[in-house]
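J.: Hey, dropping start_25.csv in here, CSV, C-alpha atoms:
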```
chain,number,residue,atom,x,y,z
A,1,MET,CA,-4.9,181.8,44.9
A,2,MET,CA,-5.1,185.5,45.4
A,3,ILE,CA,-4.4,185.1,49.1
A,4,TYR,CA,-1.4,182.9,48.4
A,5,ASP,CA,0.0,185.4,45.8
A,6,LEU,CA,-0.5,188.2,48.4
A,7,PHE,CA,1.4,186.1,51.0
A,8,LEU,CA,4.3,185.6,48.5
A,9,TYR,CA,4.3,189.3,47.8
A,10,PHE,CA,4.7,190.3,51.4
A,11,MET,CA,7.4,187.7,51.9
A,12,ASP,CA,9.4,189.3,49.1
A,13,LEU,CA,9.2,192.7,50.6
A,14,PRO,CA,12.2,194.2,52.4
A,15,ARG,CA,12.0,193.7,56.2
A,16,TRP,CA,11.3,197.3,56.9
A,17,HIS,CA,8.5,197.4,54.3
A,18,PHE,CA,6.9,194.5,56.0
A,19,PHE,CA,7.2,196.1,59.4
A,20,ALA,CA,5.7,199.3,58.1
A,21,PHE,CA,2.7,197.5,56.6
A,22,PHE,CA,2.2,195.6,59.8
A,23,SER,CA,2.5,198.8,62.0
A,24,VAL,CA,0.0,200.7,59.9
A,25,GLY,CA,-2.4,197.8,59.9
A,26,TYR,CA,-2.2,197.4,63.7
A,27,LEU,CA,-2.7,201.2,64.2
A,28,CYS,CA,-5.8,201.1,62.1
A,29,TYR,CA,-7.1,198.1,64.0
A,30,TYR,CA,-6.3,199.7,67.4
A,31,PHE,CA,-8.0,203.1,66.6
A,32,TRP,CA,-11.1,201.6,64.9
A,33,GLU,CA,-11.7,198.4,66.8
A,34,VAL,CA,-10.1,198.8,70.2
A,35,VAL,CA,-10.4,202.4,71.4
A,36,LYS,CA,-14.0,203.0,72.2
A,37,ARG,CA,-16.2,205.0,74.6
A,38,PRO,CA,-17.7,202.7,77.2
A,39,ILE,CA,-21.4,201.8,77.2
A,40,LEU,CA,-23.3,203.3,80.1
A,41,ALA,CA,-26.5,201.4,80.8
A,42,VAL,CA,-28.9,203.0,83.2
A,43,SER,CA,-32.3,204.6,82.9
A,44,GLU,CA,-32.7,208.4,82.3
A,45,GLY,CA,-33.0,210.1,85.6
A,46,PRO,CA,-31.2,211.4,88.7
A,47,PHE,CA,-28.6,208.7,89.0
A,48,LYS,CA,-27.5,209.0,85.3
A,49,GLN,CA,-27.3,212.7,85.6
A,50,PHE,CA,-25.2,212.4,88.8
A,51,LEU,CA,-22.8,210.0,87.1
A,52,LEU,CA,-22.3,212.1,84.0
A,53,LYS,CA,-21.7,215.2,86.1
A,54,ASN,CA,-19.3,213.7,88.6
A,55,VAL,CA,-17.6,210.8,86.9
A,56,PRO,CA,-15.9,212.3,83.8
A,57,THR,CA,-14.1,209.0,83.0
A,58,LEU,CA,-17.5,207.7,81.8
A,59,GLU,CA,-17.6,210.0,78.8
A,60,MET,CA,-14.0,209.4,77.8
A,61,LYS,CA,-12.7,206.6,75.5
A,62,PHE,CA,-10.9,203.8,77.1
A,63,TRP,CA,-7.4,203.4,75.6
A,64,PRO,CA,-6.2,199.9,76.4
A,65,THR,CA,-2.4,199.4,76.7
A,66,PHE,CA,-1.3,199.5,73.0
A,67,TRP,CA,0.7,196.2,73.2
A,68,CYS,CA,-1.8,194.4,75.5
A,69,VAL,CA,-5.4,194.5,74.1
A,70,GLU,CA,-6.3,190.8,74.0
A,71,SER,CA,-8.6,189.8,76.9
A,72,ARG,CA,-6.4,187.1,78.5
A,73,ALA,CA,-3.3,189.3,78.0
A,74,GLN,CA,-5.1,192.1,79.9
A,75,THR,CA,-6.1,189.7,82.6
A,76,VAL,CA,-2.6,188.2,83.1
A,77,PHE,CA,-0.4,191.2,82.5
A,78,ALA,CA,-2.5,193.4,84.8
A,79,SER,CA,-1.8,191.0,87.7
A,80,ILE,CA,1.9,190.8,86.8
A,81,LEU,CA,2.5,194.5,86.3
A,82,ARG,CA,0.5,195.6,89.4
A,83,SER,CA,2.4,193.2,91.5
A,84,GLN,CA,5.6,194.8,90.4
A,85,ILE,CA,4.7,198.4,90.7
A,86,ILE,CA,2.4,198.5,93.7
A,87,PRO,CA,4.2,198.0,97.1
A,88,ARG,CA,2.9,195.9,100.0
A,89,ILE,CA,0.5,197.8,102.1
A,90,ASP,CA,0.9,198.0,105.9
A,91,TYR,CA,-2.7,197.5,107.1
A,92,ARG,CA,-4.0,197.6,110.6
A,93,ARG,CA,-5.5,194.2,111.2
A,94,GLU,CA,-8.6,193.4,113.1
A,95,VAL,CA,-9.7,189.8,113.6
A,96,LEU,CA,-13.5,189.7,113.9
A,97,THR,CA,-15.1,186.7,115.6
A,98,LEU,CA,-18.5,185.9,113.9
A,99,LYS,CA,-21.6,184.5,115.6
A,100,ASP,CA,-20.8,180.9,114.9
A,101,GLY,CA,-17.2,181.2,116.2
A,102,GLY,CA,-15.6,181.6,112.8
A,103,GLU,CA,-13.0,184.3,112.3
A,104,VAL,CA,-12.4,186.8,109.4
A,105,ALA,CA,-9.7,189.4,109.0
A,106,LEU,CA,-10.5,193.1,108.5
A,107,ASP,CA,-7.5,195.0,107.2
A,108,TRP,CA,-7.8,198.8,107.7
A,109,MET,CA,-5.9,201.4,105.7
A,110,GLU,CA,-6.3,204.9,107.3
A,111,ASP,CA,-2.9,206.5,106.9
A,112,GLY,CA,-3.1,210.2,105.9
A,113,CYS,CA,-6.9,210.2,106.2
A,114,GLU,CA,-9.1,212.2,108.7
A,115,GLN,CA,-10.4,210.2,111.6
A,116,ASP,CA,-14.0,210.8,110.4
A,117,ALA,CA,-13.3,210.4,106.7
A,118,PRO,CA,-15.7,208.3,104.6
A,119,LEU,CA,-14.9,204.6,104.5
A,120,ILE,CA,-15.1,201.9,101.8
A,121,LEU,CA,-15.4,198.2,102.5
A,122,ILE,CA,-13.7,196.1,99.9
A,123,LEU,CA,-14.4,192.4,99.1
A,124,PRO,CA,-11.7,190.5,97.1
A,125,GLY,CA,-12.3,187.9,94.5
A,126,LEU,CA,-12.5,184.1,94.7
A,127,THR,CA,-9.1,183.4,96.3
A,128,GLY,CA,-8.0,187.0,96.9
A,129,GLU,CA,-7.0,188.9,100.0
A,130,SER,CA,-5.9,192.3,101.1
A,131,GLN,CA,-2.4,192.1,99.5
A,132,ALA,CA,-3.8,191.1,96.1
A,133,GLU,CA,-2.6,193.5,93.5
A,134,TYR,CA,-6.1,194.6,92.3
A,135,ILE,CA,-7.1,195.3,95.9
A,136,LYS,CA,-4.0,197.4,96.6
A,137,CYS,CA,-4.8,199.3,93.4
A,138,LEU,CA,-8.2,200.4,94.8
A,139,VAL,CA,-6.9,201.0,98.3
A,140,MET,CA,-4.3,203.4,97.0
A,141,ALA,CA,-6.9,205.1,94.8
A,142,ALA,CA,-9.1,205.7,97.8
A,143,ASN,CA,-6.2,206.8,100.0
A,144,LEU,CA,-5.2,209.5,97.4
A,145,ILE,CA,-8.7,211.1,97.8
A,146,GLY,CA,-8.6,210.9,101.6
A,147,VAL,CA,-11.0,207.9,101.9
A,148,ARG,CA,-10.3,205.2,104.4
A,149,THR,CA,-10.7,201.5,103.4
A,150,VAL,CA,-11.2,198.2,105.1
A,151,VAL,CA,-10.6,194.9,103.3
A,152,PHE,CA,-12.8,191.9,104.2
A,153,ASN,CA,-10.7,188.7,104.0
A,154,ASN,CA,-13.0,185.7,103.8
A,155,ARG,CA,-12.7,182.8,106.1
A,156,GLY,CA,-9.5,180.9,105.6
A,157,LEU,CA,-7.9,183.7,103.6
A,158,GLY,CA,-5.5,186.5,104.4
A,159,GLY,CA,-3.5,184.5,106.9
A,160,VAL,CA,-6.3,183.8,109.3
A,161,SER,CA,-6.8,180.1,110.1
A,162,LEU,CA,-10.3,178.5,110.1
A,163,LYS,CA,-11.9,178.1,113.5
A,164,THR,CA,-15.0,176.3,112.1
A,165,PRO,CA,-15.4,173.8,109.2
A,166,ARG,CA,-16.8,176.4,106.9
A,167,LEU,CA,-15.4,178.5,104.1
A,168,TYR,CA,-17.5,180.9,102.0
A,169,CYS,CA,-19.6,181.0,98.8
A,170,ALA,CA,-21.1,183.5,96.4
A,171,ALA,CA,-24.7,182.9,97.4
A,172,ASN,CA,-24.2,183.3,101.2
A,173,CYS,CA,-24.3,186.8,102.6
A,174,GLU,CA,-24.3,186.0,106.4
A,175,ASP,CA,-20.7,186.8,107.0
A,176,LEU,CA,-20.9,190.0,105.0
A,177,SER,CA,-24.0,191.2,106.9
A,178,GLU,CA,-22.1,190.7,110.1
A,179,VAL,CA,-19.1,192.6,108.8
A,180,VAL,CA,-21.1,195.5,107.4
A,181,ASN,CA,-23.0,195.9,110.7
A,182,HIS,CA,-19.7,195.7,112.7
A,183,VAL,CA,-18.0,198.3,110.5
A,184,LYS,CA,-20.9,200.7,110.6
A,185,LYS,CA,-21.2,200.3,114.4
A,186,LEU,CA,-17.6,201.4,114.7
A,187,ASN,CA,-18.2,204.3,112.3
A,188,PRO,CA,-21.9,205.4,112.8
A,189,THR,CA,-21.6,208.9,111.6
A,190,VAL,CA,-19.6,208.5,108.3
A,191,ASN,CA,-20.7,207.5,104.8
A,192,LEU,CA,-19.9,203.9,104.1
A,193,GLY,CA,-19.2,202.6,100.6
A,194,ALA,CA,-18.8,199.0,99.5
A,195,THR,CA,-16.9,197.4,96.6
A,196,GLY,CA,-16.8,193.8,95.4
A,197,ILE,CA,-14.5,192.4,92.8
A,198,SER,CA,-15.3,189.3,90.8
A,199,MET,CA,-16.8,186.8,93.3
A,200,GLY,CA,-16.6,189.5,95.9
A,201,GLY,CA,-19.0,191.4,93.6
A,202,LEU,CA,-21.3,188.4,93.6
A,203,ILE,CA,-21.4,188.3,97.4
A,204,LEU,CA,-21.9,192.1,97.6
A,205,GLY,CA,-24.5,192.1,94.9
A,206,ASN,CA,-26.5,189.3,96.5
A,207,TYR,CA,-26.3,191.1,99.9
A,208,LEU,CA,-27.6,194.3,98.3
A,209,ALA,CA,-30.4,192.4,96.7
A,210,LEU,CA,-31.4,189.9,99.4
A,211,HIS,CA,-30.8,192.3,102.4
A,212,SER,CA,-31.9,195.4,100.5
A,213,ASP,CA,-33.5,197.2,103.5
A,214,GLU,CA,-30.5,196.6,105.8
A,215,ALA,CA,-28.0,197.5,103.0
A,216,CYS,CA,-29.9,200.7,102.2
A,217,ARG,CA,-29.8,201.7,105.9
A,218,LEU,CA,-26.0,201.1,106.3
A,219,ILE,CA,-24.4,201.6,102.9
A,220,THR,CA,-24.4,204.9,101.0
A,221,ALA,CA,-23.1,203.7,97.6
A,222,ALA,CA,-21.7,200.6,96.1
A,223,LYS,CA,-19.6,199.4,93.2
A,224,ILE,CA,-18.8,196.0,91.7
A,225,ILE,CA,-16.0,195.2,89.2
A,226,SER,CA,-15.7,192.3,86.8
A,227,VAL,CA,-18.6,190.4,88.4
A,228,PRO,CA,-19.6,187.1,86.8
A,229,TRP,CA,-23.3,188.2,86.3
A,230,ASP,CA,-24.6,184.8,85.2
A,231,VAL,CA,-22.6,182.1,87.0
A,232,HIS,CA,-23.7,179.3,84.7
A,233,LYS,CA,-22.4,181.2,81.6
A,234,GLY,CA,-19.3,182.4,83.5
A,235,THR,CA,-18.1,178.9,84.4
A,236,ALA,CA,-18.8,177.7,80.9
A,237,SER,CA,-16.8,180.6,79.5
A,238,ILE,CA,-13.8,180.0,81.8
A,239,GLU,CA,-13.7,176.3,80.8
A,240,LYS,CA,-13.3,177.0,77.1
A,241,PRO,CA,-10.0,175.7,75.7
A,242,TYR,CA,-7.2,176.6,75.9
A,243,LEU,CA,-6.3,179.9,77.4
A,244,ASN,CA,-9.5,180.4,79.4
A,245,SER,CA,-9.3,176.9,80.8
A,246,MET,CA,-5.7,177.6,82.0
A,247,LEU,CA,-6.9,180.6,84.0
A,248,GLY,CA,-9.8,178.5,85.4
A,249,ARG,CA,-7.4,175.6,86.4
A,250,HIS,CA,-5.1,178.0,88.2
A,251,LEU,CA,-8.0,179.2,90.4
A,252,ALA,CA,-9.2,175.7,90.9
A,253,ASN,CA,-5.8,174.7,92.1
A,254,SER,CA,-5.8,177.7,94.5
A,255,LEU,CA,-9.1,176.6,96.0
A,256,CYS,CA,-7.8,173.0,96.4
A,257,ALA,CA,-4.7,174.4,98.1
A,258,THR,CA,-6.8,176.4,100.6
A,259,VAL,CA,-9.0,173.4,101.7
A,260,SER,CA,-6.1,171.0,101.8
A,261,LYS,CA,-4.5,172.8,104.7
A,262,TYR,CA,-7.3,171.8,107.1
A,263,ASP,CA,-8.1,168.4,108.7
A,264,MET,CA,-11.5,169.7,109.8
A,265,PHE,CA,-13.0,168.9,106.4
A,266,GLN,CA,-12.2,165.2,106.8
A,267,ASP,CA,-15.5,164.7,108.6
A,268,GLY,CA,-17.3,162.7,105.9
A,269,LYS,CA,-19.6,165.5,104.7
A,270,VAL,CA,-17.5,165.8,101.5
A,271,ASP,CA,-15.2,163.4,99.8
A,272,MET,CA,-11.9,165.3,100.2
A,273,THR,CA,-10.1,162.9,97.8
A,274,LYS,CA,-12.5,163.9,95.1
A,275,VAL,CA,-12.4,167.6,96.1
A,276,LEU,CA,-8.6,167.7,95.8
A,277,GLN,CA,-8.8,166.2,92.3
A,278,SER,CA,-11.0,169.0,91.0
A,279,LYS,CA,-9.5,170.5,87.8
A,280,THR,CA,-12.1,173.3,87.2
A,281,ILE,CA,-13.9,175.7,89.4
A,282,LYS,CA,-17.2,174.0,88.6
A,283,GLU,CA,-15.8,170.6,89.7
A,284,PHE,CA,-14.6,172.1,93.0
A,285,ASP,CA,-18.0,173.7,93.5
A,286,ALA,CA,-19.8,170.5,92.7
A,287,ASN,CA,-17.5,168.4,95.0
A,288,PHE,CA,-17.2,170.9,97.9
A,289,THR,CA,-18.9,174.3,97.9
A,290,SER,CA,-22.5,173.2,97.0
A,291,LYS,CA,-22.3,170.3,99.5
A,292,GLN,CA,-20.9,172.4,102.3
A,293,PHE,CA,-23.7,175.0,102.0
A,294,GLY,CA,-26.5,172.6,101.6
A,295,PHE,CA,-27.4,173.0,97.9
A,296,LYS,CA,-28.9,170.1,96.0
A,297,ASP,CA,-26.2,170.3,93.3
A,298,VAL,CA,-23.8,172.7,91.7
A,299,ASP,CA,-26.5,174.1,89.3
A,300,SER,CA,-28.7,174.9,92.3
A,301,TYR,CA,-25.8,176.8,93.9
A,302,TYR,CA,-25.1,178.7,90.7
A,303,GLN,CA,-28.8,179.6,90.3
A,304,ALA,CA,-28.8,181.1,93.8
A,305,ALA,CA,-25.5,182.9,93.3
A,306,THR,CA,-26.3,184.4,89.9
A,307,LEU,CA,-26.9,188.2,89.9
A,308,HIS,CA,-28.1,189.2,86.5
A,309,ASN,CA,-31.8,188.8,87.4
A,310,LYS,CA,-31.7,190.6,90.7
A,311,LEU,CA,-31.1,194.2,89.8
A,312,HIS,CA,-34.7,195.2,90.5
A,313,ARG,CA,-34.2,194.2,94.2
A,314,ILE,CA,-31.3,196.5,94.8
A,315,LYS,CA,-31.9,199.8,96.6
A,316,VAL,CA,-28.4,201.1,97.2
A,317,PRO,CA,-27.0,203.2,94.2
A,318,LEU,CA,-24.7,200.7,92.5
A,319,LEU,CA,-22.1,201.4,89.7
A,320,CYS,CA,-20.8,198.3,87.9
A,321,LEU,CA,-17.7,197.9,85.7
A,322,SER,CA,-17.4,195.1,83.2
A,323,ALA,CA,-15.4,194.4,80.1
A,324,ALA,CA,-17.1,193.1,76.9
A,325,ASP,CA,-14.2,190.6,76.4
A,326,ASP,CA,-14.0,189.3,80.0
A,327,PRO,CA,-13.0,185.6,79.8
A,328,PHE,CA,-15.0,184.9,83.0
A,329,GLN,CA,-18.2,186.4,81.6
A,330,PRO,CA,-19.5,186.6,78.0
A,331,LEU,CA,-21.0,189.8,76.8
A,332,ASP,CA,-24.5,188.4,76.3
A,333,ALA,CA,-24.6,187.6,80.1
A,334,ILE,CA,-24.2,191.2,81.2
A,335,PRO,CA,-27.7,192.5,82.0
A,336,ILE,CA,-27.4,195.6,79.9
A,337,LYS,CA,-31.2,195.8,79.1
A,338,ALA,CA,-32.2,195.4,82.7
A,339,ALA,CA,-29.8,198.2,83.7
A,340,GLU,CA,-31.2,200.5,81.0
A,341,LYS,CA,-34.5,200.2,82.8
A,342,SER,CA,-33.0,200.6,86.3
A,343,SER,CA,-33.0,203.9,88.2
A,344,HIS,CA,-30.5,202.7,90.7
A,345,VAL,CA,-28.0,200.3,89.0
A,346,ALA,CA,-25.7,201.5,86.3
A,347,ILE,CA,-23.4,199.2,84.3
A,348,VAL,CA,-20.3,200.5,82.5
A,349,VAL,CA,-19.1,198.1,79.8
A,350,THR,CA,-15.7,198.8,78.1
A,351,ALA,CA,-14.9,197.1,74.8
A,352,ARG,CA,-11.7,195.7,76.2
A,353,GLY,CA,-10.2,195.1,79.6
A,354,GLY,CA,-10.3,191.4,80.3
A,355,HIS,CA,-11.0,190.2,83.9
A,356,ILE,CA,-10.0,192.9,86.5
A,357,GLY,CA,-7.5,194.1,83.8
A,358,PHE,CA,-8.4,197.6,82.4
A,359,LEU,CA,-4.7,198.4,81.7
A,360,GLU,CA,-4.2,201.6,79.8
A,361,GLY,CA,-1.3,203.8,78.7
A,362,TRP,CA,2.0,202.7,77.1
A,363,TRP,CA,3.2,201.5,80.5
A,364,PRO,CA,0.6,201.4,83.2
A,365,SER,CA,1.4,203.3,86.4
A,366,SER,CA,0.4,202.6,90.0
A,367,LYS,CA,-1.3,205.9,90.6
A,368,ASP,CA,-3.5,206.3,87.5
A,369,GLN,CA,-5.4,203.3,86.3
A,370,TYR,CA,-8.8,203.2,84.7
A,371,MET,CA,-10.3,200.9,87.3
A,372,GLY,CA,-9.0,203.0,90.1
A,373,ARG,CA,-9.9,206.3,88.5
A,374,LEU,CA,-13.5,205.3,87.9
A,375,PHE,CA,-13.6,204.0,91.5
A,376,SER,CA,-12.2,207.1,93.1
A,377,GLN,CA,-14.3,209.6,91.0
A,378,PHE,CA,-17.5,207.8,91.9
A,379,PHE,CA,-16.9,207.4,95.6
A,380,ALA,CA,-15.4,210.9,96.0
A,381,ALA,CA,-18.7,212.3,94.7
A,382,ALA,CA,-20.9,209.9,96.6
A,383,LEU,CA,-19.2,209.8,100.0
A,384,PHE,CA,-17.9,213.4,100.3
A,385,ASP,CA,-21.5,214.6,99.8
A,386,THR,CA,-21.1,218.1,101.2
A,387,THR,CA,-23.8,219.6,99.0
A,388,LYS,CA,-26.2,216.7,99.7
A,389,GLU,CA,-26.4,216.2,95.9
A,390,PHE,CA,-25.9,212.5,96.2
A,391,GLU,CA,-28.4,212.2,99.1
A,392,LYS,CA,-31.0,214.0,97.0
A,393,THR,CA,-30.2,211.7,94.1
A,394,ALA,CA,-30.6,208.6,96.2
A,395,GLN,CA,-33.9,209.8,97.6
A,396,SER,CA,-35.2,210.4,94.1
A,397,MET,CA,-34.0,207.0,93.1
A,398,MET,CA,-35.9,205.4,96.1
A,399,ILE,CA,-39.1,207.0,94.9
A,400,GLY,CA,-38.5,205.4,91.5
A,401,VAL,CA,-37.8,202.0,93.1
A,402,GLU,CA,-40.9,202.1,95.2
A,403,CYS,CA,-43.0,203.1,92.2
A,404,GLY,CA,-41.5,200.3,90.2
A,405,ALA,CA,-42.2,197.8,93.0
A,406,SER,CA,-45.9,198.9,93.3
A,407,LYS,CA,-46.4,198.6,89.5
A,408,SER,CA,-45.0,195.1,89.5
A,409,ASP,CA,-47.2,194.2,92.4
```
Is it possible to express this structure as structure tokens?
T.:
Amino acid sequence: MMIYDLFLYFMDLPRWHFFAFFSVGYLCYYFWEVVKRPILAVSEGPFKQFLLKNVPTLEMKFWPTFWCVESRAQTVFASILRSQIIPRIDYRREVLTLKDGGEVALDWMEDGCEQDAPLILILPGLTGESQAEYIKCLVMAANLIGVRTVVFNNRGLGGVSLKTPRLYCAANCEDLSEVVNHVKKLNPTVNLGATGISMGGLILGNYLALHSDEACRLITAAKIISVPWDVHKGTASIEKPYLNSMLGRHLANSLCATVSKYDMFQDGKVDMTKVLQSKTIKEFDANFTSKQFGFKDVDSYYQAATLHNKLHRIKVPLLCLSAADDPFQPLDAIPIKAAEKSSHVAIVVTARGGHIGFLEGWWPSSKDQYMGRLFSQFFAAALFDTTKEFEKTAQSMMIGVECGASKSD
């Protein structure tokens, strides 16, 4: 009865009184529940000291865009706004032929950078490519600090047609290994960084874990953003009604549209009629991806792709950015405790941000976004290592990794 009386009281107020009460209430909510300093999960030691010294954004509160704090809103509006304010980038395209005859596109952005400037390899998300708004955000952030970038467009994406009846998956690192070796061969004397976003983060993370010695030899530092750490929980989260499932269905439709363009999949290995009827990402992976890559079923594929239990295998210094409200990944799936014991993997968790969102400011700009700022600060310190500070940090971390491995043995 009290709640009903309170409702009637507010209804009887003049409109400006009601607006004032609402504004004060929302301000209190925003300052107390939304604006928070991010969690930094990494063990005490050289890497944590390096990050706190060189990445000032880590110790600042994240101020999500005032009118856009909800996770799905951050996810959707980030894409819409960036697509409006970030222009198309004129890359230099290289088509790389892989060992099996397949082709991928490498899009290089080097304008305004020194010829021997450091380089960052960027892996887009599930259906993303080099003109995706979140990719351009990172490319521009790198360009502003004089770092060259090269975007790895997976098979069948970025305008390159398939030459073989094979796409890509989160558990397979063969294509990435070829690309990393190729890029490093072209740039043998420069520091190479790598960044993966969403599923690109899964591919990169699995490469760092499963090809740890090769990765340590070729890559100086790495970063992953909005990665679905536990793929089982991630797909379950994106299928929750109603808003989450709408995002998932949009991605499933994009995947179906990609494979529908090619007759080479009509070879009987998969039931294309069933594939094209997939309404969720998991259905698509069950009908197509898991079968194409030889997994027993979709759960076996997800078990192989998942990353949250592989941190101990990674040797390359790795900074990760996740949001606690990411609709593609619940908070309890982020391996915060594992990172707190890791000398070489650091996870930053913001209270808000959605999936590849991280919008901040009253009206987000193209030149200063949280995701890009964290990205550029980390790589500027790690790749422009004139004082050899990061090299010494990495060497100290490797001693910790080897000691940890010998203890586990």
J.: I want to know what sits within 9 Å of segment 36-48 of chain A, based on only C-alpha atoms, with residues of the same chain fewer than 3 positions away left out; could you give that as JSON, numbers by chain?
T.: {"A": [31, 32, 33, 51, 52, 53, 58, 59, 60, 61, 62, 63, 317, 336, 337, 338, 339, 340, 341, 342, 343, 344, 345, 346, 347, 348, 349, 350, 351, 352, 390, 392, 393, 394, 396, 397]}
J.: What residues have an atom no more than 8 Å from (-29.5, 198.1, 93.4) in the file's own frame, counting all atoms listed in the file, and can you write them as a PyMOL selection string?
T.: chain A and resi 205+208-209+212+311-318+344-345
J.: So which one's closest to Asp263 of chain A, A:Ser23, A:Gln131, A:Ser161, A:Asn143? Using all atoms listed in the file, please.
T.: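 Among the listed residues, A:Ser161 lies closest to Asp263 of chain A.
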J.: Grab the atom CA of Val298 of chain A to atom CA of Met264 of chain A distance for me, in Å with one decimal place.
T.: 22.1 Å
J.: Any idea what the distance is between atom CA of Thr220 of chain A and atom CA of Gln49 of chain A?
T.: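 Interatomic distance, atom CA of Thr220 of chain A to atom CA of Gln49 of chain A: 17.5 Å.
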J.: So, counting all atoms listed in the file, which residue among A:Val179, A:Leu247, A:Met398, A:Ile225 is closest to Ala323 of chain A?
T.: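 For Ala323 of chain A, the nearest of the candidates is A:Ile225.
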J.: Could you name the residues that touch Gln84 of chain A at 12 Å or less, counting only C-alpha atoms, but leaving out those on the same chain fewer than 2 positions away, as a list of chain:residue names?
T.: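 Non-adjacent residues within range: A:Phe77, A:Ala78, A:Ser79, A:Ile80, A:Leu81, A:Arg82, A:Ile86, A:Pro87, A:Arg88, A:Ala132, A:Glu133, A:Tyr134, A:Lys136, A:Cys137, A:Pro364, A:Ser365, A:Ser366.
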J.: So how many Å separate atom CA of Ala170 of chain A and atom CA of Ile203 of chain A, to one decimal?
T.: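 Separation between atom CA of Ala170 of chain A and atom CA of Ile203 of chain A: 4.9 Å.
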J.: Go ahead and find all residues with at least one atom no further than 12 Å from (-15.7, 168.6, 101.5) in the file's coordinates, using only C-alpha atoms; report them as JSON, numbers by chain.
T.: {"A": [165, 166, 167, 255, 256, 258, 259, 260, 262, 263, 264, 265, 266, 267, 268, 269, 270, 271, 272, 273, 274, 275, 276, 277, 278, 283, 284, 285, 286, 287, 288, 289, 290, 291, 292, 293, 294]}
J.: With C-alpha atoms retained, export the selected residues as a CSV table (one decimal), in the coordinates of the input.
T.:
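Result file follows (again_8.csv):
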```
chain,number,residue,atom,x,y,z
A,165,PRO,CA,-15.4,173.8,109.2
A,166,ARG,CA,-16.8,176.4,106.9
A,167,LEU,CA,-15.4,178.5,104.1
A,255,LEU,CA,-9.1,176.6,96.0
A,256,CYS,CA,-7.8,173.0,96.4
A,258,THR,CA,-6.8,176.4,100.6
A,259,VAL,CA,-9.0,173.4,101.7
A,260,SER,CA,-6.1,171.0,101.8
A,262,TYR,CA,-7.3,171.8,107.1
A,263,ASP,CA,-8.1,168.4,108.7
A,264,MET,CA,-11.5,169.7,109.8
A,265,PHE,CA,-13.0,168.9,106.4
A,266,GLN,CA,-12.2,165.2,106.8
A,267,ASP,CA,-15.5,164.7,108.6
A,268,GLY,CA,-17.3,162.7,105.9
A,269,LYS,CA,-19.6,165.5,104.7
A,270,VAL,CA,-17.5,165.8,101.5
A,271,ASP,CA,-15.2,163.4,99.8
A,272,MET,CA,-11.9,165.3,100.2
A,273,THR,CA,-10.1,162.9,97.8
A,274,LYS,CA,-12.5,163.9,95.1
A,275,VAL,CA,-12.4,167.6,96.1
A,276,LEU,CA,-8.6,167.7,95.8
A,277,GLN,CA,-8.8,166.2,92.3
A,278,SER,CA,-11.0,169.0,91.0
A,283,GLU,CA,-15.8,170.6,89.7
A,284,PHE,CA,-14.6,172.1,93.0
A,285,ASP,CA,-18.0,173.7,93.5
A,286,ALA,CA,-19.8,170.5,92.7
A,287,ASN,CA,-17.5,168.4,95.0
A,288,PHE,CA,-17.2,170.9,97.9
A,289,THR,CA,-18.9,174.3,97.9
A,290,SER,CA,-22.5,173.2,97.0
A,291,LYS,CA,-22.3,170.3,99.5
A,292,GLN,CA,-20.9,172.4,102.3
A,293,PHE,CA,-23.7,175.0,102.0
A,294,GLY,CA,-26.5,172.6,101.6
```
J.: Each residue of segment 101-132 of chain A lying at most 10 Å from segment 193-199 of chain A should get a row with its shortest atom-to-atom pair and the distance in Å to one decimal, counting only C-alpha atoms; could you produce that, ordered by chain and increasing number, as a tab-separated table?
T.:
```
residue	atom	partner	partner_atom	distance
A:Pro118	CA	A:Gly193	CA	7.8
A:Leu119	CA	A:Gly193	CA	6.1
A:Ile120	CA	A:Gly193	CA	4.3
A:Leu121	CA	A:Ala194	CA	4.6
A:Ile122	CA	A:Thr195	CA	4.8
A:Leu123	CA	A:Gly196	CA	4.6
A:Pro124	CA	A:Ile197	CA	5.5
A:Gly125	CA	A:Met199	CA	4.8
A:Leu126	CA	A:Met199	CA	5.3
A:Thr127	CA	A:Met199	CA	8.9
A:Gly128	CA	A:Ile197	CA	9.4
```
J.: Which of these residues is nearest to Lys185 of chain A, using all atoms listed in the file: A:Lys388, A:Leu218, A:Val24, A:Phe358?
T.: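 The closest residue to Lys185 of chain A is A:Leu218.
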J.: Write out as a ChimeraX atom specification each polymer residue whose atoms come within 10 Å of segment 229-238 of chain A, counting only C-alpha atoms; drop sequence neighbours fewer than 6 positions from it.
T.: /A:170,198-199,201-202,205,244-249,280-282,298-299,301-310,322,326-335
J.: Might you pull out every residue within 12 Å of Lys99 of chain A, with only C-alpha atoms counted and same-chain residues fewer than 3 positions away left off, and present them as a VMD selection string?
T.: chain A and resid 96 102 to 104 163 to 164 174 to 179 182
J.: Between A:Val55, A:Met140, A:Val227, A:Leu210, single out the one closest to Asp90 of chain A, counting all atoms listed in the file.
T.: A:Met140
J.: Using all atoms listed in the file, pick whichever of A:Leu243, A:Val180, A:Ile89, A:Ile219 has the shortest atom-to-atom distance to Leu138 of chain A.
T.: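 The answer is A:Ile89, which sits nearest to Leu138 of chain A.
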